[in-house]
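Dumped final_22.cif below, it's mmCIF, C-alpha atoms:
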```
data_work
loop_
_atom_site.label_atom_id
_atom_site.label_comp_id
_atom_site.auth_asym_id
_atom_site.auth_seq_id
_atom_site.Cartn_x
_atom_site.Cartn_y
_atom_site.Cartn_z
CA MET W 729 -93.32 -71.65 18.08
CA ASN W 730 -90.33 -73.97 18.42
CA GLU W 731 -88.21 -71.01 19.52
CA ARG W 732 -90.52 -70.65 22.54
CA TYR W 733 -90.95 -74.22 23.70
CA LEU W 734 -88.93 -77.01 22.15
CA ASP W 735 -91.04 -79.94 23.33
CA ILE W 736 -94.51 -78.69 22.43
CA PRO W 737 -97.08 -81.52 22.16
CA SER W 738 -98.51 -81.94 18.66
CA LYS W 739 -102.07 -81.91 20.05
CA THR W 740 -101.39 -78.52 21.63
CA LEU W 741 -100.09 -77.20 18.31
CA ASP W 742 -103.19 -78.46 16.49
CA LEU W 743 -105.47 -76.93 19.13
CA PHE W 744 -103.84 -73.53 18.77
CA ARG W 745 -104.01 -73.64 14.98
CA ARG W 746 -107.72 -74.46 15.13
CA GLU W 747 -108.30 -71.66 17.62
CA LEU W 748 -106.42 -69.14 15.49
CA SER W 749 -108.13 -70.34 12.32
CA GLY W 750 -111.57 -70.05 13.90
CA TYR W 751 -110.89 -66.58 15.22
CA LEU W 752 -109.58 -65.29 11.87
CA GLY W 753 -112.63 -66.71 10.12
CA GLU W 754 -115.11 -65.08 12.49
CA LYS W 755 -113.17 -61.81 12.37
CA SER W 756 -113.70 -61.52 8.59
CA LEU W 757 -117.52 -61.70 8.71
CA PRO W 758 -118.34 -58.12 9.82
CA TYR W 759 -116.59 -56.65 6.76
CA TYR W 760 -118.86 -58.54 4.36
CA VAL W 761 -121.96 -57.83 6.42
CA ASP W 762 -121.18 -54.11 6.15
CA LEU W 763 -121.22 -54.41 2.34
CA THR W 764 -124.96 -55.03 2.39
CA ASN W 765 -127.80 -52.59 2.93
CA THR W 766 -129.35 -54.78 5.64
CA THR W 767 -128.85 -52.42 8.58
CA SER W 768 -131.95 -53.45 10.55
CA HIS W 769 -130.43 -56.29 12.55
CA TYR W 770 -128.16 -57.17 15.47
CA ASP W 771 -124.95 -59.19 15.16
CA LEU W 772 -123.55 -61.48 17.85
CA TYR W 773 -120.22 -63.27 17.35
CA SER W 774 -118.66 -66.25 19.16
CA LEU W 775 -121.74 -66.62 21.34
CA ARG W 776 -121.24 -69.45 23.85
CA LEU W 777 -124.34 -70.56 25.73
CA LYS W 778 -125.29 -73.25 28.24
CA PRO W 779 -129.09 -73.47 28.41
CA HIS W 780 -129.03 -76.85 30.16
CA HIS W 781 -126.15 -79.25 30.79
CA HIS W 782 -124.02 -78.68 27.69
CA TYR W 783 -122.39 -75.67 26.07
CA PHE W 784 -122.81 -74.78 22.43
CA GLN W 785 -121.17 -71.99 20.46
CA ILE W 786 -122.44 -70.01 17.47
CA ASP W 787 -119.79 -68.34 15.30
CA GLY W 788 -122.20 -65.66 14.11
CA LEU W 789 -125.85 -65.03 15.03
CA PHE W 790 -127.76 -62.35 13.10
CA LEU W 791 -131.09 -61.17 14.49
CA PHE W 792 -133.45 -59.78 11.84
CA PRO W 793 -137.09 -58.78 12.43
CA THR W 794 -138.19 -61.55 10.03
CA PHE W 795 -135.71 -64.37 10.74
CA PHE W 796 -132.53 -65.30 12.60
CA LEU W 797 -129.39 -66.44 10.81
CA ILE W 798 -126.81 -68.88 12.22
CA THR W 799 -123.40 -68.93 10.53
CA GLU W 800 -120.91 -71.75 10.97
CA VAL W 801 -117.53 -70.35 9.88
CA LYS W 802 -114.71 -72.46 8.42
CA HIS W 803 -111.30 -70.88 7.84
CA LEU W 804 -109.77 -73.78 5.91
CA LYS W 805 -107.57 -73.70 2.83
CA GLY W 806 -106.94 -76.32 0.18
CA LYS W 807 -109.43 -78.53 -1.64
CA LEU W 808 -112.67 -79.07 0.29
CA PHE W 809 -115.38 -81.57 -0.57
CA ILE W 810 -118.20 -83.55 1.04
CA ASN W 811 -117.79 -87.34 0.98
CA GLU W 812 -120.48 -90.03 0.81
CA SER W 813 -120.69 -90.13 4.61
CA ASN W 814 -121.57 -86.42 4.73
CA GLN W 815 -118.21 -85.43 6.17
CA LEU W 816 -116.18 -82.40 5.14
CA ILE W 817 -112.82 -83.46 3.71
CA GLN W 818 -109.86 -81.11 3.44
CA ILE W 819 -106.84 -81.91 1.25
CA LYS W 820 -103.90 -79.59 1.87
CA ASP W 821 -100.24 -80.26 1.07
CA GLN W 822 -101.21 -83.85 0.14
CA VAL W 823 -102.59 -84.39 3.66
CA GLU W 824 -106.25 -85.31 4.11
CA LYS W 825 -108.26 -84.24 7.17
CA VAL W 826 -111.84 -85.08 8.12
CA TYR W 827 -114.28 -82.61 9.70
CA GLN W 828 -117.93 -82.71 10.68
CA HIS W 829 -120.32 -81.47 7.99
CA PRO W 830 -120.59 -77.71 8.71
CA LEU W 831 -124.34 -77.58 8.03
CA THR W 832 -124.82 -80.45 10.47
CA GLN W 833 -123.02 -78.32 13.06
CA ALA W 834 -125.14 -75.27 12.24
CA ASN W 835 -128.38 -77.27 12.39
CA LEU W 836 -127.35 -78.71 15.76
CA GLN W 837 -126.82 -75.16 17.02
CA LYS W 838 -130.28 -74.28 15.69
CA THR W 839 -131.77 -77.24 17.59
CA GLN W 840 -130.11 -76.03 20.80
CA LEU W 841 -130.93 -72.35 20.28
CA GLN W 842 -134.66 -72.61 19.55
CA PRO W 843 -135.75 -73.93 22.98
CA LEU W 844 -133.69 -71.18 24.61
CA LEU W 845 -135.41 -68.56 22.45
CA THR W 846 -138.79 -69.95 23.52
CA THR W 847 -137.76 -69.77 27.18
CA LEU W 848 -136.71 -66.14 26.71
CA GLY W 849 -140.06 -65.34 25.09
CA TYR W 850 -139.05 -65.33 21.42
CA PRO W 851 -140.69 -68.38 19.81
CA ASP W 852 -141.94 -68.97 16.30
CA ILE W 853 -139.31 -67.17 14.26
CA PRO W 854 -137.49 -68.96 11.40
CA VAL W 855 -133.85 -69.79 12.11
CA HIS W 856 -131.76 -70.26 8.97
CA PRO W 857 -128.35 -72.02 9.22
CA VAL W 858 -125.52 -71.44 6.72
CA ALA W 859 -121.84 -72.40 6.44
CA ILE W 860 -119.33 -69.72 5.41
CA PHE W 861 -115.81 -70.50 4.15
CA THR W 862 -113.53 -67.54 4.83
CA HIS W 863 -110.04 -68.56 3.67
CA ASP W 864 -109.07 -66.98 0.34
CA GLN W 865 -107.30 -70.20 -0.67
CA ALA W 866 -110.29 -72.48 -0.07
CA GLN W 867 -111.26 -74.48 -3.16
CA LEU W 868 -114.87 -75.58 -2.70
CA SER W 869 -115.66 -78.75 -4.65
CA PHE W 870 -119.39 -78.78 -3.91
CA HIS W 871 -122.47 -76.74 -4.75
CA HIS W 872 -124.95 -75.90 -2.02
CA PRO W 873 -126.92 -72.65 -1.62
CA ASP W 874 -126.17 -72.54 2.10
CA MET W 875 -122.45 -73.43 1.89
CA ILE W 876 -120.59 -70.56 0.28
CA PRO W 877 -117.30 -68.63 0.20
CA VAL W 878 -117.43 -65.50 2.32
CA GLN W 879 -117.31 -63.25 -0.76
CA GLN W 880 -120.83 -64.42 -1.63
CA PHE W 881 -122.18 -63.76 1.86
CA PRO W 882 -123.54 -60.23 1.13
CA TYR W 883 -125.61 -61.59 -1.79
CA LEU W 884 -126.92 -64.52 0.24
CA LEU W 885 -127.83 -62.16 3.06
CA GLN W 886 -129.81 -59.89 0.75
CA LYS W 887 -131.58 -62.90 -0.76
CA LEU W 888 -132.58 -64.24 2.66
CA VAL W 889 -133.85 -60.84 3.78
CA SER W 890 -135.99 -60.76 0.63
CA ASN W 891 -137.28 -64.32 1.11
CA TYR W 892 -138.18 -63.91 4.79
CA ASN W 893 -140.55 -60.96 4.55
CA GLU W 894 -143.02 -61.48 7.42
CA ARG W 895 -142.06 -59.16 10.28
CA ILE W 896 -142.24 -61.00 13.61
CA TYR W 897 -140.29 -58.83 16.06
CA GLY W 898 -139.52 -55.13 16.28
CA MET W 899 -136.05 -53.67 16.67
CA ASP W 900 -136.69 -52.88 20.35
CA GLN W 901 -137.46 -56.55 20.97
CA LEU W 902 -134.35 -57.65 19.07
CA SER W 903 -132.27 -55.19 21.08
CA GLN W 904 -133.60 -56.69 24.29
CA LEU W 905 -132.96 -60.24 23.07
CA SER W 906 -129.40 -59.42 22.05
CA LYS W 907 -128.73 -58.02 25.54
CA GLU W 908 -130.18 -61.15 27.17
CA LEU W 909 -128.05 -63.44 25.00
CA VAL W 910 -124.90 -61.43 25.74
CA THR W 911 -125.71 -61.71 29.45
CA LEU W 912 -126.01 -65.50 29.08
CA HIS W 913 -122.74 -65.73 27.11
CA GLN W 914 -119.93 -67.56 28.93
CA GLU W 915 -116.40 -67.03 27.65
CA ARG W 916 -114.51 -70.27 27.17
CA SER W 917 -111.55 -70.74 29.47
CA LEU W 918 -108.66 -71.78 27.26
CA THR W 919 -105.29 -73.05 28.48
CA PHE W 920 -102.99 -74.92 26.13
CA LEU W 921 -100.24 -75.83 28.61
CA GLU W 922 -100.49 -76.28 32.36
CA PRO W 923 -98.06 -73.79 34.01
CA LYS W 924 -96.12 -76.45 35.90
CA ARG W 925 -92.50 -75.94 36.97
CA GLU W 926 -91.08 -78.22 34.26
CA VAL W 927 -93.10 -76.37 31.62
CA LEU W 928 -92.11 -72.89 32.82
CA SER W 929 -88.42 -73.79 33.00
CA ASN W 930 -88.54 -74.94 29.36
CA ILE W 931 -89.92 -71.69 27.96
CA ARG W 932 -87.81 -69.02 26.29
CA ARG W 933 -89.23 -65.75 27.54
CA GLY W 934 -88.93 -62.26 26.14
CA VAL W 935 -89.77 -60.29 23.01
CA PHE W 936 -87.86 -61.75 20.08
CA CYS W 937 -86.19 -59.54 17.49
CA PRO W 938 -87.73 -60.41 14.09
CA ASN W 939 -84.26 -60.24 12.50
CA CYS W 940 -82.21 -62.07 15.14
CA LYS W 941 -84.68 -64.34 16.98
CA PRO W 942 -84.46 -65.91 19.44
CA LYS W 943 -82.37 -62.86 20.39
CA VAL W 944 -84.43 -60.93 22.95
CA MET W 945 -85.17 -57.20 22.68
CA ARG W 946 -85.20 -54.84 25.66
CA TRP W 947 -87.89 -52.31 26.58
CA THR W 948 -86.21 -48.91 26.94
CA HIS W 949 -87.64 -45.40 26.59
CA GLY W 950 -91.01 -46.62 25.35
CA THR W 951 -89.83 -48.99 22.63
CA TRP W 952 -88.26 -52.41 22.07
CA THR W 953 -84.62 -52.37 20.93
CA CYS W 954 -82.38 -55.20 19.73
CA SER W 955 -78.80 -54.84 21.00
CA MET W 956 -77.50 -57.02 18.16
CA CYS W 957 -78.94 -55.36 15.02
CA GLY W 958 -80.38 -52.14 16.44
CA HIS W 959 -83.94 -52.91 15.29
CA ARG W 960 -86.57 -50.83 17.12
CA ASP W 961 -90.30 -51.52 17.34
CA LYS W 962 -92.89 -50.08 19.75
CA ASN W 963 -95.29 -52.97 19.14
CA ALA W 964 -92.93 -55.95 19.10
CA HIS W 965 -94.65 -57.31 22.21
CA ILE W 966 -97.80 -58.12 20.19
CA ASP W 967 -96.29 -61.30 18.72
CA ALA W 968 -94.87 -62.26 22.10
CA LEU W 969 -98.28 -61.90 23.76
CA CYS W 970 -99.80 -64.02 20.99
CA ASP W 971 -97.17 -66.62 21.85
CA PHE W 972 -98.35 -66.36 25.46
CA ILE W 973 -101.91 -67.11 24.28
CA TYR W 974 -100.56 -70.16 22.48
CA LEU W 975 -98.86 -71.38 25.62
CA PHE W 976 -101.26 -70.43 28.42
CA GLY W 977 -104.55 -69.08 27.04
CA TYR W 978 -106.23 -65.72 26.57
CA TYR W 979 -105.89 -64.09 30.00
CA ILE W 980 -102.82 -62.39 31.47
CA ASN W 981 -102.16 -60.13 34.45
CA ASN W 982 -99.37 -57.63 35.11
CA LYS W 983 -97.17 -60.08 37.00
CA GLN W 984 -97.42 -62.73 34.27
CA ALA W 985 -96.73 -60.19 31.51
CA LYS W 986 -93.70 -58.80 33.37
CA TRP W 987 -92.34 -62.33 33.74
CA PHE W 988 -93.00 -63.38 30.13
CA LEU W 989 -91.91 -60.18 28.37
CA LEU W 990 -88.87 -59.69 30.65
CA VAL W 991 -89.84 -56.14 31.53
CA ASP W 992 -87.98 -54.55 34.44
CA SER W 993 -90.85 -52.88 36.28
CA PRO W 994 -94.56 -53.49 36.87
CA PHE W 995 -95.19 -49.82 35.97
CA SER W 996 -93.71 -50.29 32.48
CA THR W 997 -95.65 -53.53 32.11
CA SER W 998 -98.87 -51.74 33.06
CA ARG W 999 -98.25 -49.10 30.38
CA ILE W 1000 -97.60 -51.77 27.74
CA LEU W 1001 -100.77 -53.66 28.63
CA GLY W 1002 -102.85 -50.49 28.93
CA LYS W 1003 -102.05 -49.46 25.36
CA LEU W 1004 -103.34 -52.76 23.97
CA ARG W 1005 -106.95 -51.54 24.22
CA VAL W 1006 -108.25 -55.01 25.00
CA GLU W 1007 -111.05 -56.14 27.29
CA THR W 1008 -110.12 -56.09 30.98
CA ILE W 1009 -111.59 -57.73 34.07
CA GLY W 1010 -111.22 -56.46 37.63
CA GLY W 1011 -109.86 -53.30 39.24
CA THR W 1012 -106.42 -51.74 38.93
CA LYS W 1013 -104.66 -54.00 41.45
CA PHE W 1014 -106.15 -57.29 40.22
CA ARG W 1015 -106.75 -56.41 36.56
CA VAL W 1016 -106.70 -59.24 34.02
CA TYR W 1017 -106.40 -58.62 30.26
CA ASN W 1018 -108.18 -60.67 27.59
CA LEU W 1019 -105.66 -61.01 24.73
CA LYS W 1020 -107.97 -62.78 22.27
CA SER W 1021 -108.37 -59.78 19.96
CA LEU W 1022 -104.59 -59.73 19.38
CA LEU W 1023 -104.78 -62.94 17.35
CA GLY W 1024 -105.82 -60.93 14.29
CA LYS W 1025 -102.35 -59.30 14.37
CA TYR W 1026 -100.43 -62.58 14.74
CA LYS W 1027 -97.52 -62.73 12.26
CA ARG W 1028 -95.74 -65.99 13.05
#
```

Can you turn what I pasted into structure tokens?
Amino acid sequence: MNERYLDIPSKTLDLFRRELSGYLGEKSLPYYVDLTNTTSHYDLYSLRLKPHHHYFQIDGLFLFPTFFLITEVKHLKGKLFINESNQLIQIKDQVEKVYQHPLTQANLQKTQLQPLLTTLGYPDIPVHPVAIFTHDQAQLSFHHPDMIPVQQFPYLLQKLVSNYNERIYGMDQLSQLSKELVTLHQERSLTFLEPKREVLSNIRRGVFCPNCKPKVMRWTHGTWTCSMCGHRDKNAHIDALCDFIYLFGYYINNKQAKWFLLVDSPFSTSRILGKLRVETIGGTKFRVYNLKSLLGKYKR
């Protein structure tokens, strides 16, 4: 990211890394869920709710007829252990970091979710919290049935489905609940840097050539071309838009994309954004694009 903004605050860098890590962790869950035969359920990911005065977010909420499952996802690598104060400790590259106990987080989400379920008319169903570690280089130095690597998630899921065998709600009721929760979901507004004049003037814009960066490529005839090495790539803007997320957050409009990607015309910019197949808000003239799903393709 130094090629984009030379004076990036360390706190901003840490925030982006946590955001990217969290997204990659949550993104890996559906694959392992699909490995099981437990098809009678609804999945909700990155659910952010505000039942009263404070927001809380659930990485993964699984609605089964017999129980609900809360997953707290950690995409951390290195050696991980729980200390005597019930904190999660990560040791990576000889650097030690302290995190809140993931099951404490999941149980707190359970405490906040249950009153909301009662208000919506869904009381008296067991809610089971678990912590899932999704990084393939995570070394877990603890043993707990509800704190597992993601590869064990299908087996845990099947075990829980077997253990919770009293049917409480039908699939129609779960479908209705999932719709109500999605309606209550509030996407988090995320901005890493304030777009002030001194910030904008310090940013290197454009789509960088992977071979010659920070040499900028040009959009011509439906592809990006580097005038220095001749490299061509139709999707080179993906990394640049992920850089935009890092700098300014998830949402971008045509004018902002034209400015950041250094595209000559708003029509070309519209075509580039339209092919992303991401969530959009608003009509044609005032359309805003949610770039969050691009983070899974981030290569930097």

For the provided coordinates, the residues matched by the PyMOL selection byres ((chain W and resi 998) around 12) should be stated as a list of chain:residue names.
W:Ile980, W:Asn981, W:Asn982, W:Lys983, W:Gln984, W:Ala985, W:Lys986, W:Leu989, W:Val991, W:Asp992, W:Ser993, W:Pro994, W:Phe995, W:Ser996, W:Thr997, W:Arg999, W:Ile1000, W:Leu1001, W:Gly1002, W:Lys1003, W:Leu1004, W:Arg1005, W:Thr1012, W:Lys1013, W:Phe1014, W:Arg1015, W:Val1016, W:Tyr1017

Specify as a PyMOL selection string each residue included when the PyMOL selection byres ((chain W and resi 770) around 9) is applied to this file.
chain W and resi 767-769+771-772+789-792+899+902-903+906

From the list W:Phe870, W:Phe936, W:Tyr978, W:Phe881, the nearest residue to Ser955 (chain W) using only C-alpha atoms is W:Phe936

Would you compute the distance between CA of Thr1008 (chain W) and CA of Asp967 (chain W)? Give it in Å to one decimal.
19.2 Å

So that I can see what lies close to Glu908 (chain W), please list as a list in words the residues with an atom at most 12 Å from it, counting all atoms listed in the file and leaving out residues fewer than 3 positions away in the same chain.
Leu772, Leu775, Leu777, Leu844, Leu845, Thr847, Leu848, Gly849, Tyr850, Gln901, Leu902, Ser903, Gln904, Leu905, Thr911, Leu912 and His913 of chain W

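In this structure, CA of Tyr979 (chain W) sits 6.1 Å away from CA of Leu1019 (chain W).
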
Step by step, work through what the PyMOL selection byres ((chain W and resi 795-811) around 7) selects in the shown file, and finish by giving those residues as a count of residues only.
42

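Coordinates place CA of Val826 (chain W) at a distance of 26.0 Å from CA of Leu841 (chain W).
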
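When only C-alpha atoms are used to measure the gap to Ile931 (chain W), the shortest distance among W:Phe976, W:Val889, W:Glu1007, W:Gly898 belongs to W:Phe976.
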
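Among W:Asn939, W:Gln842, W:Thr766, W:Thr953, the residue with the shortest atom-to-atom distance to Leu885 (chain W), counting all atoms listed in the file, is W:Thr766.
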
Selected residue of minimal separation from Leu975 (chain W) among W:Asn930, W:Thr839, W:Gln886, W:His780, counting all atoms listed in the file:
W:Asn930

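If you measure from each of W:Gly958, W:Glu824, W:His872, W:Gln914 to His782 (chain W) using all atoms listed in the file, the closest one turns out to be W:Gln914.
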
Which is closest to Asn835 (chain W) among W:Gly1010, W:Arg960, W:Phe784, W:Tyr974, if we use only C-alpha atoms?
W:Phe784

Excluding Cys957 (chain W) and its own-chain neighbours fewer than 4 positions away, which residues fall within 12 Å of it when counting only C-alpha atoms? Please give them as a PyMOL selection string.
chain W and resi 937-941+943-945+953
